[in-house]
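Chemist: My questions will all concern the structure given below.
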There are 2 protein chains.
Amino acid sequence: MTSTLGFAVLAVLARGDRTGYDIAAAMRRPIGFFWTAGHSQIHAELQKLLAAGLVGYEAEHGPGPQDKKVYHLTDEGSAELRAWVTRPPKERPERDELVLKTYAAWLAEAGLVRRMFADQLAAHEARLAEYEREEAAFGGPPSFGDPRFGNYATLRCGLGYERHRAEWCRWMIDQLGDGS
Amino acid sequence: MTSTLGFAVLAVLARGDRTGYDIAAAMRRPIGFFWTAGHSQIHAELQKLLAAGLVGYEAEHGPGPQDKKVYHLTDEGSAELRAWVTRPPKERPERDELVLKTYAAWLAEAGLVRRMFADQLAAHEARLAEYEREEAAFGGPPSFGDPRFGNYATLRCGLGYERHRAEWCRWMIDQLGDGS
DNA sequence: CCACACTATGTCTGAAGTGACATAGTCGAT
DNA sequence: ATCGACTATGTCACTTCAGACATAGTGTGG
């Protein structure tokens with residue numbers, strides 16, 4: 001009954017023990033590129049995982065009204081995660097606002113549409129440059145079995161995505177004329 | 001205050017008057033590729049749009065306990081839609097289960113991961129072939145201003161996406177060795 | 001010494017989305 | 001004739017998610 005968010009949390013914990021706060025930070029970067037959650041969602045999820053016996057924690061004195069809780073995977077949590085990894089992902093419905101706007105773009109002024117795509121293109125190119133810098137930091141793909149393989153493989157996916165997206169934006173801008 | 005779903009409905013209605021049922025059908029194909037909604041959501045949304053004065057309807061006798069309602073855009077709805085089209089889309093968080101699994105793939109057996117990616121690759125290739133057939137049915141891009149421009153441009157996006165995705169799957173399979 | 005950023009936990013409200021349930025006419029095939 | 005698929009509208013319960021609110025210790029810089 002564990003949700004995908006639950007597995008995302010387990011996947012973070014598989015790389016080392018962390019507090020809910022740390023997990024939330026990971027959900028912004030780098031995992032935020034493919035799964036996001038606010039800290040409120042994470043604390044709630046941790047309580048579910050705890051009730052299911054998939055994680056445990058050790059309390060330490062820390063800031064705030066409550067104790068700081070350092071969570072770790074239980075053997076059962078680790079087994080569940082391993083089993084989940086290779087189960088075929090159920091496909092989620094795509095929801096892409098830019099593509100929806102494109103579907104209705106024929107109603108608008110070409111110049112305004114061109115500007116919108118130019119902005120999108122700039123954003124994609126900036127992200128692409130960032131990803132390329134990150135990729136250079138790896139000296140080629142880490143071996144499978146190394147946790148860093150996960151980071152590298154997802155980065156490759158992001159790289160391909162940004163390139164595809166940028167190319168589509170360029171094609172759109174092309175279609176809309178030079179607008180000089 | 002209109003939601004993105006509301007604009008999706010308006011975008012369908014901009015191409016011709018339809019019943020809620022017809023809109024729901026459009027939300028499966030072709031719009032379902034980039035925005036989906038169940039019929040229950042659409043009926044609820046139509047009531048909101050009606051209250052906001054963005055759509056109207058004419059009732060006809062039809063099957064079922066209620067009258068059949070053929071919805072159309074009002075002038076105000078049309079104006080709102082046009083204004084929305086070129087407003088920069090707010091970015092939604094990505095949620096991609098396959099990429100999340102990839103992040104945790106180092107925990108699993110390479111053979112099982114390879115099989116999962118092979119299945120994904122097959123699905124992408126099948127969709128790609130379908131899109132290519134659809135693209136061939138257009139004899140090149142329709143001109144901007146033609147509603148079919150929206151169909152073509154979104155198809156181009158889908159084509160690029162499937163290619164990027166298939167390529168990434170192939171790269172992953174490559175990384176996982178020949179597994180003979 | 002004080003302000004501010006960061007660490008750290010949690011609750012609550014409301015919106016969005018999913019899937020089941022409910023009803024009923026029409027039309028084609030067996 | 002009857003059965004099932006399709007047209008057509010809607011409600012309800014449940015889950016997920018986003019964002020605001022609430023609390024409080026620690027460490028850094030001015």
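Chain labels run A, B, ... following the order of the structure tokens; each chain numbers its residues from 1, and ligands are numbered from 1 in the order shown.
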Near chain B, meaning an atom within 9 Å, which residues of chain D appear when counting only C-alpha atoms (C1' of nucleotides)? Write them as a list in words.
Modeler: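 Selected residues: DT7, DA8, DT9, DG10 and DT11 of chain D.
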Chemist: Hey, list the chain C side of the contact with chain B: 9 Å cut-off, only C-alpha atoms (C1' of nucleotides), answer as a VMD selection string.
Modeler: chain C and resid 17 to 18 23 to 26
Chemist: Next, dump the selected residues to file, keeping only C-alpha atoms (C1' of nucleotides), as an mmCIF file, in the first residue's frame.
Modeler:
data_model
loop_
_atom_site.group_PDB
_atom_site.id
_atom_site.type_symbol
_atom_site.label_atom_id
_atom_site.label_comp_id
_atom_site.auth_asym_id
_atom_site.auth_seq_id
_atom_site.Cartn_x
_atom_site.Cartn_y
_atom_site.Cartn_z
ATOM 1 C "C1'" DG C 17 -7.645 14.321 -9.149
ATOM 2 C "C1'" DT C 18 -9.144 9.107 -9.180
ATOM 3 C "C1'" DT C 23 -29.428 6.250 -14.027
ATOM 4 C "C1'" DA C 24 -31.345 5.704 -18.570
ATOM 5 C "C1'" DG C 25 -32.108 6.052 -23.700
ATOM 6 C "C1'" DT C 26 -30.496 4.340 -28.494
#
Chemist: Write out, as a tab-separated table, each residue of chain A that has an atom at most 8 Å from chain B, together with the closest pair of atoms and their distance in Å to one decimal, counting only C-alpha atoms, rows going by chain and rising number.
Modeler:
residue	atom	partner	partner_atom	distance
A:Thr4	CA	B:Glu97	CA	7.5
A:Ala8	CA	B:Leu100	CA	6.9
A:Ala11	CA	B:Ala104	CA	5.8
A:Ile31	CA	B:Leu100	CA	7.8
A:Gly32	CA	B:Glu94	CA	7.6
A:Phe33	CA	B:Glu94	CA	6.4
A:Phe34	CA	B:Arg95	CA	4.9
A:Trp35	CA	B:Arg95	CA	4.6
A:Thr36	CA	B:Pro93	CA	6.4
A:Arg82	CA	B:Ala108	CA	5.8
A:Ala83	CA	B:Ala108	CA	7.9
A:Trp84	CA	B:Lys101	CA	8.0
A:Val85	CA	B:Lys101	CA	5.1
A:Thr86	CA	B:Val113	CA	5.6
A:Arg87	CA	B:Met116	CA	7.5
A:Pro88	CA	B:Met116	CA	6.2
A:Pro89	CA	B:Leu98	CA	6.0
A:Lys90	CA	B:Glu97	CA	7.8
A:Glu91	CA	B:Glu97	CA	8.0
A:Arg92	CA	B:Asp96	CA	7.9
A:Pro93	CA	B:Thr36	CA	6.4
A:Glu94	CA	B:Phe34	CA	5.1
A:Arg95	CA	B:Trp35	CA	4.6
A:Asp96	CA	B:Phe34	CA	5.2
A:Glu97	CA	B:Pro89	CA	6.0
A:Leu98	CA	B:Pro89	CA	5.9
A:Val99	CA	B:Thr154	CA	6.1
A:Leu100	CA	B:Phe34	CA	6.4
A:Lys101	CA	B:Val85	CA	5.1
A:Thr102	CA	B:Gly150	CA	5.8
A:Tyr103	CA	B:Gly150	CA	3.9
A:Ala104	CA	B:Ala11	CA	5.8
A:Ala105	CA	B:Val85	CA	6.2
A:Trp106	CA	B:Gly145	CA	4.4
A:Leu107	CA	B:Arg82	CA	6.1
A:Ala108	CA	B:Arg82	CA	5.8
A:Ala110	CA	B:Phe144	CA	7.7
A:Leu112	CA	B:Thr86	CA	6.0
A:Val113	CA	B:Thr86	CA	5.6
A:Met116	CA	B:Pro88	CA	6.2
A:Phe144	CA	B:Trp106	CA	5.7
A:Gly145	CA	B:Trp106	CA	4.4
A:Asp146	CA	B:Trp106	CA	6.1
A:Pro147	CA	B:Trp106	CA	5.7
A:Phe149	CA	B:Trp106	CA	6.7
A:Gly150	CA	B:Tyr103	CA	3.9
A:Asn151	CA	B:Tyr103	CA	6.1
A:Ala153	CA	B:Thr102	CA	7.0
A:Thr154	CA	B:Val99	CA	6.1
A:Arg156	CA	B:Trp168	CA	7.5
A:Cys157	CA	B:Trp168	CA	6.2
A:Gly160	CA	B:His164	CA	5.9
A:Tyr161	CA	B:His164	CA	6.5
A:His164	CA	B:Gly160	CA	5.9
A:Arg165	CA	B:Cys157	CA	7.8
A:Trp168	CA	B:Cys157	CA	6.2
A:Met172	CA	B:Ala153	CA	7.5
A:Gln175	CA	B:Phe144	CA	7.9
A:Leu176	CA	B:Phe144	CA	7.3
Chemist: Output C-alpha atoms for every residue in that selection, as a CSV table (one decimal), in the first residue's frame.
Modeler:
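Contents of the output file again-v4.csv:
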chain,number,residue,atom,x,y,z
A,4,THR,CA,5.3,6.3,-4.8
A,8,ALA,CA,11.0,8.1,-2.9
A,11,ALA,CA,15.2,5.6,-1.8
A,31,ILE,CA,15.5,14.3,-6.6
A,32,GLY,CA,13.2,17.2,-7.1
A,33,PHE,CA,14.0,16.9,-10.9
A,34,PHE,CA,11.8,13.8,-11.0
A,35,TRP,CA,9.9,13.7,-7.7
A,36,THR,CA,8.9,16.5,-5.4
A,82,ARG,CA,14.4,-3.5,-3.7
A,83,ALA,CA,11.2,-5.3,-4.9
A,84,TRP,CA,9.6,-2.0,-6.0
A,85,VAL,CA,12.6,-0.8,-8.1
A,86,THR,CA,12.1,-3.4,-10.9
A,87,ARG,CA,8.3,-3.5,-10.9
A,88,PRO,CA,7.1,-1.9,-14.1
A,89,PRO,CA,6.1,1.7,-13.3
A,90,LYS,CA,2.4,2.5,-13.7
A,91,GLU,CA,2.1,5.3,-16.1
A,92,ARG,CA,0.9,8.6,-14.7
A,93,PRO,CA,-1.1,10.9,-16.9
A,94,GLU,CA,1.1,13.6,-18.5
A,95,ARG,CA,0.1,17.2,-17.7
A,96,ASP,CA,2.0,19.7,-19.6
A,97,GLU,CA,0.7,23.3,-19.6
A,98,LEU,CA,3.0,24.5,-22.4
A,99,VAL,CA,1.8,21.8,-24.8
A,100,LEU,CA,-1.8,22.5,-23.9
A,101,LYS,CA,-1.2,26.2,-24.7
A,102,THR,CA,0.4,25.1,-28.0
A,103,TYR,CA,-2.7,23.1,-28.8
A,104,ALA,CA,-4.7,26.4,-28.5
A,105,ALA,CA,-1.9,28.6,-29.9
A,106,TRP,CA,-3.7,29.1,-33.2
A,107,LEU,CA,-6.1,31.5,-31.4
A,108,ALA,CA,-3.3,33.9,-30.3
A,110,ALA,CA,2.1,34.8,-33.4
A,112,LEU,CA,3.2,36.7,-28.4
A,113,VAL,CA,3.5,32.9,-28.9
A,116,MET,CA,6.7,32.7,-24.9
A,144,PHE,CA,26.1,0.0,-11.7
A,145,GLY,CA,26.1,-0.9,-8.0
A,146,ASP,CA,27.5,2.4,-7.0
A,147,PRO,CA,24.8,4.7,-5.7
A,149,PHE,CA,25.1,5.4,-10.9
A,150,GLY,CA,21.6,6.6,-10.0
A,151,ASN,CA,22.6,10.2,-10.0
A,153,ALA,CA,21.7,8.0,-15.1
A,154,THR,CA,19.0,10.4,-14.0
A,156,ARG,CA,21.5,11.7,-18.5
A,157,CYS,CA,17.8,11.6,-18.7
A,160,GLY,CA,18.2,14.3,-23.1
A,161,TYR,CA,15.0,15.9,-22.0
A,164,HIS,CA,14.6,17.6,-26.9
A,165,ARG,CA,12.6,20.4,-25.4
A,168,TRP,CA,11.1,21.7,-30.1
A,172,MET,CA,8.2,26.3,-32.9
A,175,GLN,CA,7.4,28.0,-37.6
A,176,LEU,CA,6.3,31.4,-36.2
Chemist: Mind pulling up the distance from CA of Gly53 in chain B to CA of Glu76 in chain B?
Modeler: 7.1 Å
Chemist: Please produce, as JSON lines, a per-residue contact table for chain D versus range 7-10 of chain C (criterion: any atom at most 9 Å away, only C-alpha atoms (C1' of nucleotides) considered), showing the nearest atom pair and its distance in Å to one decimal, sorted by chain then residue number.
Modeler:
{"residue": "D:DA22", "atom": "C1'", "partner": "C:DG10", "partner_atom": "C1'", "distance": 8.4}
{"residue": "D:DT23", "atom": "C1'", "partner": "C:DT9", "partner_atom": "C1'", "distance": 8.5}
{"residue": "D:DA24", "atom": "C1'", "partner": "C:DA8", "partner_atom": "C1'", "distance": 8.9}
{"residue": "D:DG25", "atom": "C1'", "partner": "C:DT7", "partner_atom": "C1'", "distance": 8.4}
{"residue": "D:DT26", "atom": "C1'", "partner": "C:DT7", "partner_atom": "C1'", "distance": 7.8}
Chemist: Any chance you could export the current selection's C-alpha atoms (C1' of nucleotides) as an mmCIF file, in the first residue's frame?
Modeler:
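Result went into out-v4.cif, see below:
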data_model
loop_
_atom_site.group_PDB
_atom_site.id
_atom_site.type_symbol
_atom_site.label_atom_id
_atom_site.label_comp_id
_atom_site.auth_asym_id
_atom_site.auth_seq_id
_atom_site.Cartn_x
_atom_site.Cartn_y
_atom_site.Cartn_z
ATOM 1 C "C1'" DA D 22 2.905 27.298 14.524
ATOM 2 C "C1'" DT D 23 6.984 26.515 17.516
ATOM 3 C "C1'" DA D 24 11.720 26.737 19.012
ATOM 4 C "C1'" DG D 25 16.894 25.927 19.380
ATOM 5 C "C1'" DT D 26 21.603 27.088 17.232
#
Chemist: Quick one: pull the distance between CA of Val9 in chain A and CA of Ile42 in chain A, Å, one decimal.
Modeler: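 Separation of CA of Val9 in chain A and CA of Ile42 in chain A: 7.7 Å.
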Chemist: Could you go through range 19-144 of chain A and tell me which residues DSSP, when run on the backbone, assigns to strand (DSSP E or B), listing them as number ranges by chain?
Modeler: A: 55-60, 68-73
Chemist: To one decimal place in Å, what is the distance between CA of Ala26 in chain B and CA of Tyr57 in chain B?
Modeler: 18.2 Å
Chemist: Using DSSP on the backbone coordinates, identify the residues of range 36-131 of chain B assigned to alpha helix (DSSP H); present them as a PyMOL selection string.
Modeler: chain B and resi 39-51+75-85+97-103+110-131
